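*Asks:* You'll find run.cif just under this line, and it carries mmCIF, C-alpha atoms and all ligand atoms.
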```cif
data_run
loop_
_atom_site.label_atom_id
_atom_site.label_comp_id
_atom_site.auth_asym_id
_atom_site.auth_seq_id
_atom_site.Cartn_x
_atom_site.Cartn_y
_atom_site.Cartn_z
CA LEU A 1 8.93 -71.10 -2.76
CA GLY A 2 11.55 -73.54 -3.88
CA SER A 3 14.54 -72.64 -1.76
CA THR A 4 15.98 -75.79 -0.23
CA GLY A 5 19.41 -74.46 0.68
CA GLU A 6 21.03 -75.83 -2.47
CA GLY A 7 24.62 -74.66 -2.83
CA ILE A 8 24.84 -73.31 0.71
CA ILE A 9 27.46 -74.68 3.12
CA VAL A 10 26.58 -74.75 6.81
CA ALA A 11 29.50 -75.48 9.13
CA VAL A 12 28.53 -77.33 12.31
CA LEU A 13 31.16 -76.49 14.94
CA ASP A 14 30.35 -79.05 17.56
CA THR A 15 31.27 -82.53 18.86
CA GLY A 16 31.73 -83.70 15.28
CA VAL A 17 29.14 -85.14 12.89
CA ASP A 18 28.41 -88.74 11.99
CA TYR A 19 28.93 -88.05 8.30
CA THR A 20 28.12 -91.67 7.43
CA HIS A 21 24.59 -91.45 8.85
CA THR A 22 22.16 -92.47 6.10
CA ASP A 23 20.05 -89.36 6.75
CA LEU A 24 23.09 -87.07 6.37
CA ALA A 25 25.76 -88.69 4.20
CA ASP A 26 24.60 -87.26 0.86
CA ASN A 27 24.45 -83.77 2.38
CA ILE A 28 27.97 -83.68 3.80
CA TRP A 29 30.28 -81.05 2.35
CA VAL A 30 33.08 -82.41 0.21
CA ASN A 31 36.33 -80.50 -0.11
CA ALA A 32 36.63 -81.00 -3.86
CA ASP A 33 40.15 -79.57 -3.98
CA GLU A 34 41.52 -82.20 -1.60
CA ILE A 35 42.55 -85.66 -2.80
CA PRO A 36 41.67 -88.11 0.02
CA ASP A 37 44.12 -90.34 1.84
CA ASN A 38 47.29 -89.40 -0.03
CA GLY A 39 48.98 -87.75 2.94
CA ILE A 40 49.25 -84.48 1.01
CA ASP A 41 47.55 -81.15 1.66
CA ASP A 42 46.47 -80.86 -1.97
CA ASP A 43 44.49 -77.63 -1.59
CA ASN A 44 47.21 -76.03 0.53
CA ASN A 45 44.79 -74.93 3.25
CA GLY A 46 47.04 -76.20 6.04
CA PHE A 47 45.10 -79.43 6.64
CA ILE A 48 46.09 -82.81 5.21
CA ASP A 49 43.35 -84.92 3.56
CA ASP A 50 40.53 -82.79 4.96
CA THR A 51 37.93 -84.02 2.49
CA THR A 52 34.99 -83.79 4.94
CA GLY A 53 36.06 -81.12 7.44
CA TRP A 54 38.44 -81.18 10.37
CA ASP A 55 38.60 -82.32 13.97
CA PHE A 56 40.40 -79.60 15.94
CA ALA A 57 39.99 -81.39 19.27
CA TYR A 58 41.87 -84.49 18.12
CA GLU A 59 43.75 -82.88 15.22
CA SER A 60 42.49 -85.30 12.62
CA ASN A 61 40.75 -85.34 9.25
CA THR A 62 37.91 -87.53 10.58
CA PRO A 63 35.49 -85.20 12.40
CA THR A 64 33.26 -88.05 13.57
CA ASP A 65 30.90 -87.44 16.46
CA TRP A 66 32.20 -88.75 19.80
CA TYR A 67 29.15 -87.59 21.76
CA GLY A 68 26.06 -87.31 19.55
CA HIS A 69 25.35 -83.61 19.92
CA GLY A 70 26.74 -82.39 16.59
CA THR A 71 24.99 -85.12 14.61
CA HIS A 72 21.67 -84.09 16.16
CA VAL A 73 22.33 -80.46 15.22
CA ALA A 74 23.28 -81.46 11.65
CA GLY A 75 20.04 -83.40 11.12
CA ILE A 76 17.95 -80.37 12.08
CA ILE A 77 19.76 -78.29 9.46
CA ALA A 78 20.04 -80.72 6.58
CA GLY A 79 18.55 -84.14 7.27
CA ILE A 80 17.79 -85.68 3.87
CA ASN A 81 14.30 -85.28 2.39
CA ASP A 82 13.64 -88.98 1.77
CA ALA A 83 10.53 -89.75 3.84
CA VAL A 84 12.79 -91.53 6.35
CA GLY A 85 13.73 -90.22 9.78
CA VAL A 86 13.95 -86.45 9.64
CA THR A 87 13.96 -83.76 6.97
CA GLY A 88 16.20 -80.79 7.60
CA VAL A 89 15.11 -77.17 7.36
CA ALA A 90 17.51 -76.71 4.43
CA TYR A 91 17.57 -80.28 3.16
CA ASN A 92 19.73 -79.55 0.13
CA ALA A 93 22.35 -77.56 2.01
CA SER A 94 25.76 -79.09 2.72
CA ILE A 95 27.01 -79.72 6.25
CA MET A 96 30.69 -79.03 6.95
CA PRO A 97 31.65 -81.01 10.07
CA VAL A 98 34.17 -79.19 12.28
CA THR A 99 34.92 -80.68 15.67
CA VAL A 100 35.69 -78.00 18.25
CA ILE A 101 34.18 -79.63 21.33
CA GLY A 102 36.41 -82.41 22.61
CA ASP A 103 36.07 -84.69 25.57
CA TYR A 104 37.65 -84.23 28.96
CA TRP A 105 40.85 -86.00 27.89
CA SER A 106 41.42 -84.11 24.66
CA GLN A 107 40.71 -80.55 25.75
CA ASP A 108 40.77 -78.17 28.67
CA GLY A 109 38.84 -74.90 28.60
CA TYR A 110 41.63 -72.93 26.97
CA GLU A 111 42.11 -75.60 24.33
CA PHE A 112 38.38 -75.51 23.66
CA LEU A 113 38.54 -71.76 23.03
CA ALA A 114 41.57 -72.17 20.78
CA ASP A 115 39.86 -74.97 18.84
CA LEU A 116 36.69 -72.90 18.53
CA THR A 117 38.74 -69.97 17.19
CA ASP A 118 40.59 -72.20 14.72
CA GLY A 119 37.31 -73.84 13.73
CA ILE A 120 35.68 -70.52 12.85
CA TYR A 121 38.64 -69.54 10.63
CA TYR A 122 38.64 -72.98 9.03
CA ALA A 123 34.93 -72.80 8.24
CA VAL A 124 35.09 -69.29 6.78
CA ASP A 125 38.27 -69.91 4.77
CA ASN A 126 36.91 -73.14 3.31
CA GLY A 127 33.67 -71.66 2.08
CA ALA A 128 31.10 -71.93 4.86
CA ASP A 129 28.18 -69.54 4.29
CA VAL A 130 26.70 -70.18 7.73
CA ILE A 131 28.30 -71.32 11.02
CA ASN A 132 26.20 -72.96 13.73
CA LEU A 133 27.52 -72.63 17.29
CA SER A 134 25.40 -74.74 19.64
CA LEU A 135 27.92 -74.23 22.42
CA GLY A 136 28.83 -71.84 25.18
CA TYR A 137 31.39 -70.76 27.77
CA ASP A 138 31.72 -68.28 30.58
CA PRO A 139 34.37 -65.61 29.89
CA ALA A 140 34.85 -65.21 33.65
CA TRP A 141 36.51 -68.65 33.72
CA PHE A 142 39.21 -67.30 31.39
CA GLY A 143 39.92 -63.88 32.83
CA GLY A 144 37.05 -61.97 31.20
CA LEU A 145 36.25 -60.52 27.81
CA GLU A 146 39.63 -58.84 27.39
CA SER A 147 41.64 -62.01 28.00
CA PRO A 148 43.55 -63.15 24.91
CA ALA A 149 41.76 -66.51 24.58
CA ILE A 150 38.32 -64.88 24.66
CA ALA A 151 39.36 -61.94 22.50
CA ALA A 152 40.61 -64.40 19.87
CA VAL A 153 37.11 -65.89 19.58
CA ALA A 154 35.66 -62.40 19.15
CA ASP A 155 38.22 -61.60 16.45
CA ALA A 156 37.27 -64.78 14.59
CA MET A 157 33.58 -63.85 14.78
CA ALA A 158 34.31 -60.38 13.41
CA TYR A 159 36.28 -62.03 10.59
CA ALA A 160 33.35 -64.34 9.78
CA GLN A 161 30.95 -61.41 9.55
CA ALA A 162 33.38 -59.43 7.37
CA GLU A 163 33.58 -62.40 5.00
CA GLY A 164 29.78 -62.61 4.79
CA THR A 165 29.40 -65.75 6.92
CA VAL A 166 26.38 -65.68 9.24
CA VAL A 167 27.18 -67.05 12.70
CA VAL A 168 24.13 -68.52 14.46
CA MET A 169 24.53 -69.12 18.20
CA ALA A 170 22.56 -70.94 20.89
CA ALA A 171 21.53 -68.41 23.57
CA GLY A 172 22.25 -70.92 26.35
CA ASN A 173 20.22 -73.02 28.78
CA GLU A 174 20.69 -71.23 32.11
CA TYR A 175 17.28 -69.48 32.06
CA SER A 176 19.23 -66.27 32.40
CA ALA A 177 17.93 -62.82 31.62
CA SER A 178 20.41 -62.56 28.76
CA PRO A 179 22.34 -64.86 26.40
CA GLY A 180 25.61 -66.46 27.45
CA TYR A 181 28.77 -66.39 25.35
CA PRO A 182 29.40 -66.50 22.46
CA ALA A 183 25.71 -65.70 21.80
CA ALA A 184 26.05 -62.35 23.62
CA TYR A 185 28.27 -61.22 20.73
CA ALA A 186 25.07 -60.93 18.69
CA CYS A 187 25.18 -57.25 19.70
CA ASP A 188 28.04 -57.00 17.18
CA TRP A 189 28.15 -60.16 15.06
CA GLY A 190 25.87 -63.06 14.34
CA ILE A 191 22.49 -63.91 15.77
CA SER A 192 21.49 -65.41 19.12
CA VAL A 193 18.76 -68.06 19.34
CA GLY A 194 16.58 -68.90 22.33
CA ALA A 195 14.33 -71.97 22.53
CA CYS A 196 10.56 -72.28 22.54
CA ASP A 197 8.28 -75.29 22.98
CA SER A 198 5.51 -76.59 20.72
CA GLU A 199 3.10 -74.05 22.22
CA ALA A 200 5.50 -71.26 21.15
CA ASP A 201 6.23 -70.46 24.79
CA LEU A 202 9.81 -69.72 25.76
CA ALA A 203 11.37 -72.96 27.04
CA ASN A 204 11.83 -73.02 30.80
CA PHE A 205 15.60 -73.42 30.39
CA SER A 206 16.17 -70.84 27.65
CA ASN A 207 18.21 -67.71 28.18
CA ASN A 208 16.27 -64.56 27.36
CA ALA A 209 17.23 -61.72 25.04
CA GLY A 210 18.44 -59.41 27.83
CA PHE A 211 18.43 -55.63 27.93
CA THR A 212 21.29 -54.86 25.55
CA GLN A 213 20.23 -54.51 21.94
CA LEU A 214 21.29 -57.60 20.03
CA ASP A 215 20.00 -59.88 17.30
CA TYR A 216 17.87 -62.52 19.02
CA VAL A 217 15.10 -64.82 17.83
CA VAL A 218 13.55 -67.99 19.22
CA ALA A 219 13.04 -71.32 17.49
CA PRO A 220 11.84 -74.80 18.55
CA GLY A 221 14.11 -76.38 21.13
CA VAL A 222 12.03 -78.74 23.28
CA GLU A 223 11.89 -82.49 22.54
CA ILE A 224 13.36 -82.16 19.07
CA TYR A 225 13.73 -85.35 17.01
CA SER A 226 16.89 -85.67 14.96
CA THR A 227 19.82 -87.85 13.93
CA ILE A 228 22.28 -89.43 16.38
CA PRO A 229 25.30 -91.64 15.68
CA TRP A 230 24.15 -94.81 17.44
CA GLU A 231 21.31 -97.06 18.61
CA GLY A 232 18.07 -96.00 16.89
CA ASP A 233 20.01 -93.44 14.89
CA TYR A 234 17.46 -90.82 16.02
CA ALA A 235 16.62 -89.29 19.39
CA TYR A 236 14.79 -86.44 21.11
CA PHE A 237 17.01 -83.72 22.58
CA SER A 238 16.10 -80.37 24.15
CA GLY A 239 18.08 -77.15 24.41
CA THR A 240 18.89 -73.90 22.69
CA SER A 241 21.44 -76.14 20.95
CA MET A 242 18.48 -77.53 18.99
CA ALA A 243 16.93 -74.10 18.34
CA SER A 244 20.06 -72.58 16.82
CA PRO A 245 20.23 -75.07 13.91
CA TYR A 246 16.63 -74.26 12.93
CA VAL A 247 17.72 -70.67 12.41
CA ALA A 248 20.94 -71.75 10.70
CA GLY A 249 18.74 -73.71 8.29
CA VAL A 250 16.51 -70.70 7.66
CA VAL A 251 19.60 -68.59 6.98
CA ALA A 252 20.67 -71.19 4.41
CA LEU A 253 17.25 -70.94 2.74
CA ILE A 254 17.49 -67.14 2.61
CA MET A 255 21.02 -67.25 1.20
CA ALA A 256 20.08 -69.77 -1.47
CA ALA A 257 17.14 -67.59 -2.50
CA ASN A 258 19.06 -64.31 -2.37
CA PRO A 259 22.84 -64.74 -2.54
CA ASP A 260 23.50 -61.00 -2.59
CA LEU A 261 22.44 -60.27 0.99
CA SER A 262 25.17 -59.47 3.51
CA ALA A 263 25.37 -61.19 6.89
CA GLU A 264 24.00 -58.04 8.55
CA GLU A 265 21.11 -57.85 6.10
CA ILE A 266 20.15 -61.48 6.74
CA GLU A 267 20.27 -60.98 10.52
CA ALA A 268 18.11 -57.85 10.20
CA LEU A 269 15.65 -59.75 7.99
CA LEU A 270 15.28 -62.45 10.65
CA THR A 271 14.84 -60.12 13.60
CA THR A 272 12.46 -57.73 11.83
CA THR A 273 10.21 -60.46 10.43
CA ALA A 274 10.05 -62.62 13.58
CA ASN A 275 6.72 -62.84 15.41
CA LEU A 276 6.99 -60.37 18.29
CA ASP A 277 4.43 -62.11 20.52
CA MET A 278 7.17 -64.24 22.07
CA MET A 279 9.21 -61.21 22.97
CA MET A 280 6.38 -59.81 25.03
CA ALA A 281 5.57 -63.03 26.90
CA CA A 301 43.80 -79.60 2.74
CA CA A 302 45.20 -85.06 0.22
CA CA A 303 15.24 -88.07 6.11
#
```
Please go through the file and, once you have read it, give me the structure as structure tokens.

*Replies:*
Amino acid sequence: LGSTGEGIIVAVLDTGVDYTHTDLADNIWVNADEIPDNGIDDDNNGFIDDTTGWDFAYESNTPTDWYGHGTHVAGIIAGINDAVGVTGVAYNASIMPVTVIGDYWSQDGYEFLADLTDGIYYAVDNGADVINLSLGYDPAWFGGLESPAIAAVADAMAYAQAEGTVVVMAAGNEYSASPGYPAAYACDWGISVGACDSEADLANFSNNAGFTQLDYVVAPGVEIYSTIPWEGDYAYFSGTSMASPYVAGVVALIMAANPDLSAEEIEALLTTTANLDMMMA
């Protein structure tokens, strides 16, 4: 008891994060080696004035949330424990906002893959302990798994694992027999997360674990209440996108409690201690 994710950095690679949200602001990662707004890349990491992360879709140092998705994910992981709104699973962890999902005007599919690849390297190289990927793509759209754009994502995931960063991935919402990509890479790197409802039944949209051995667990993903950038500042969303950040939060708790575990050891701990009833449903 007592682990709250303190000292753990969870990168949210998504549509951005509303890092000014009152239920998130104090838990946003700060790049302490970067002096803000001086036009200089003080920490020499290749990104100018990146004090709160980076927006790869728009190439800017303000990874604000243009859509609402990433802010919702961030609140599930590390909403502030203040009796207001929501409390995150790892409410003392830090969220590193990294925009990799742009809008139709800023990104085509290939640019999305490139931004995702760059975002993974950015997160790992700037100290992220956990990466949440509530996103997906179909490799067939890009020439298959061997195509350079897809292979680059896989290389980045292998790099993250080698550096001890746990990559947590939404299994996808196609009600398929097996996870989509990148979650299918959980056979080699990271962990794939399906969604269940409040009765602990698999959500009717959630992709299943499939027949290839891979790290897969389920977490709540139906009608989940969390932070959004506008209107009531909170909303209910459903999807494996909401389940993945629950597991990312749990990974942060484990890491804070036991910093010596490798990424593989943490993934094994999750899959071997999960309740198997769901898997047999
Ligand atoms: Ca910098
Ligand atoms: Ca600077
Ligand atoms: Ca709160």

*Asks:* Smallest atom-to-atom distance to A:Ala93: which of A:Ala186, A:Ala252, A:Leu202, A:Ala149, using all atoms listed in the file?

*Replies:* A:Ala252

*Asks:* If I take atom CA of A:Thr22 and atom CA of ligand CA 303 (chain A), how far is one from the other in Å, to one decimal?

*Replies:*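 Between atom CA of A:Thr22 and atom CA of ligand CA 303 (chain A) the gap is 8.2 Å.
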
*Asks:* Neighbourhood query: residues within 12 Å of (10.5, -76.0, 16.4), file coordinates, counting only C-alpha atoms; return as number ranges by chain.

*Replies:* A: 76-77, 88-89, 193-203, 218-226, 237-247, 249-250

*Asks:* Quick one: write out the picked residues with C-alpha atoms as a CSV table (one decimal), in the coordinates of the input?

*Replies:*
```csv
chain,number,residue,atom,x,y,z
A,76,ILE,CA,18.0,-80.4,12.1
A,77,ILE,CA,19.8,-78.3,9.5
A,88,GLY,CA,16.2,-80.8,7.6
A,89,VAL,CA,15.1,-77.2,7.4
A,193,VAL,CA,18.8,-68.1,19.3
A,194,GLY,CA,16.6,-68.9,22.3
A,195,ALA,CA,14.3,-72.0,22.5
A,196,CYS,CA,10.6,-72.3,22.5
A,197,ASP,CA,8.3,-75.3,23.0
A,198,SER,CA,5.5,-76.6,20.7
A,199,GLU,CA,3.1,-74.0,22.2
A,200,ALA,CA,5.5,-71.3,21.2
A,201,ASP,CA,6.2,-70.5,24.8
A,202,LEU,CA,9.8,-69.7,25.8
A,203,ALA,CA,11.4,-73.0,27.0
A,218,VAL,CA,13.6,-68.0,19.2
A,219,ALA,CA,13.0,-71.3,17.5
A,220,PRO,CA,11.8,-74.8,18.6
A,221,GLY,CA,14.1,-76.4,21.1
A,222,VAL,CA,12.0,-78.7,23.3
A,223,GLU,CA,11.9,-82.5,22.5
A,224,ILE,CA,13.4,-82.2,19.1
A,225,TYR,CA,13.7,-85.4,17.0
A,226,SER,CA,16.9,-85.7,15.0
A,237,PHE,CA,17.0,-83.7,22.6
A,238,SER,CA,16.1,-80.4,24.2
A,239,GLY,CA,18.1,-77.2,24.4
A,240,THR,CA,18.9,-73.9,22.7
A,241,SER,CA,21.4,-76.1,21.0
A,242,MET,CA,18.5,-77.5,19.0
A,243,ALA,CA,16.9,-74.1,18.3
A,244,SER,CA,20.1,-72.6,16.8
A,245,PRO,CA,20.2,-75.1,13.9
A,246,TYR,CA,16.6,-74.3,12.9
A,247,VAL,CA,17.7,-70.7,12.4
A,249,GLY,CA,18.7,-73.7,8.3
A,250,VAL,CA,16.5,-70.7,7.7
```

*Asks:* What does the structure give for the distance between atom CA of A:Ile120 and atom CA of A:Asn92, in Å to one decimal?

*Replies:* 22.3 Å

*Asks:* To one decimal place, how far is atom CA of A:Thr15 from atom CA of A:Gly102 in Å?

*Replies:*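 Distance between the two atoms: 6.4 Å.
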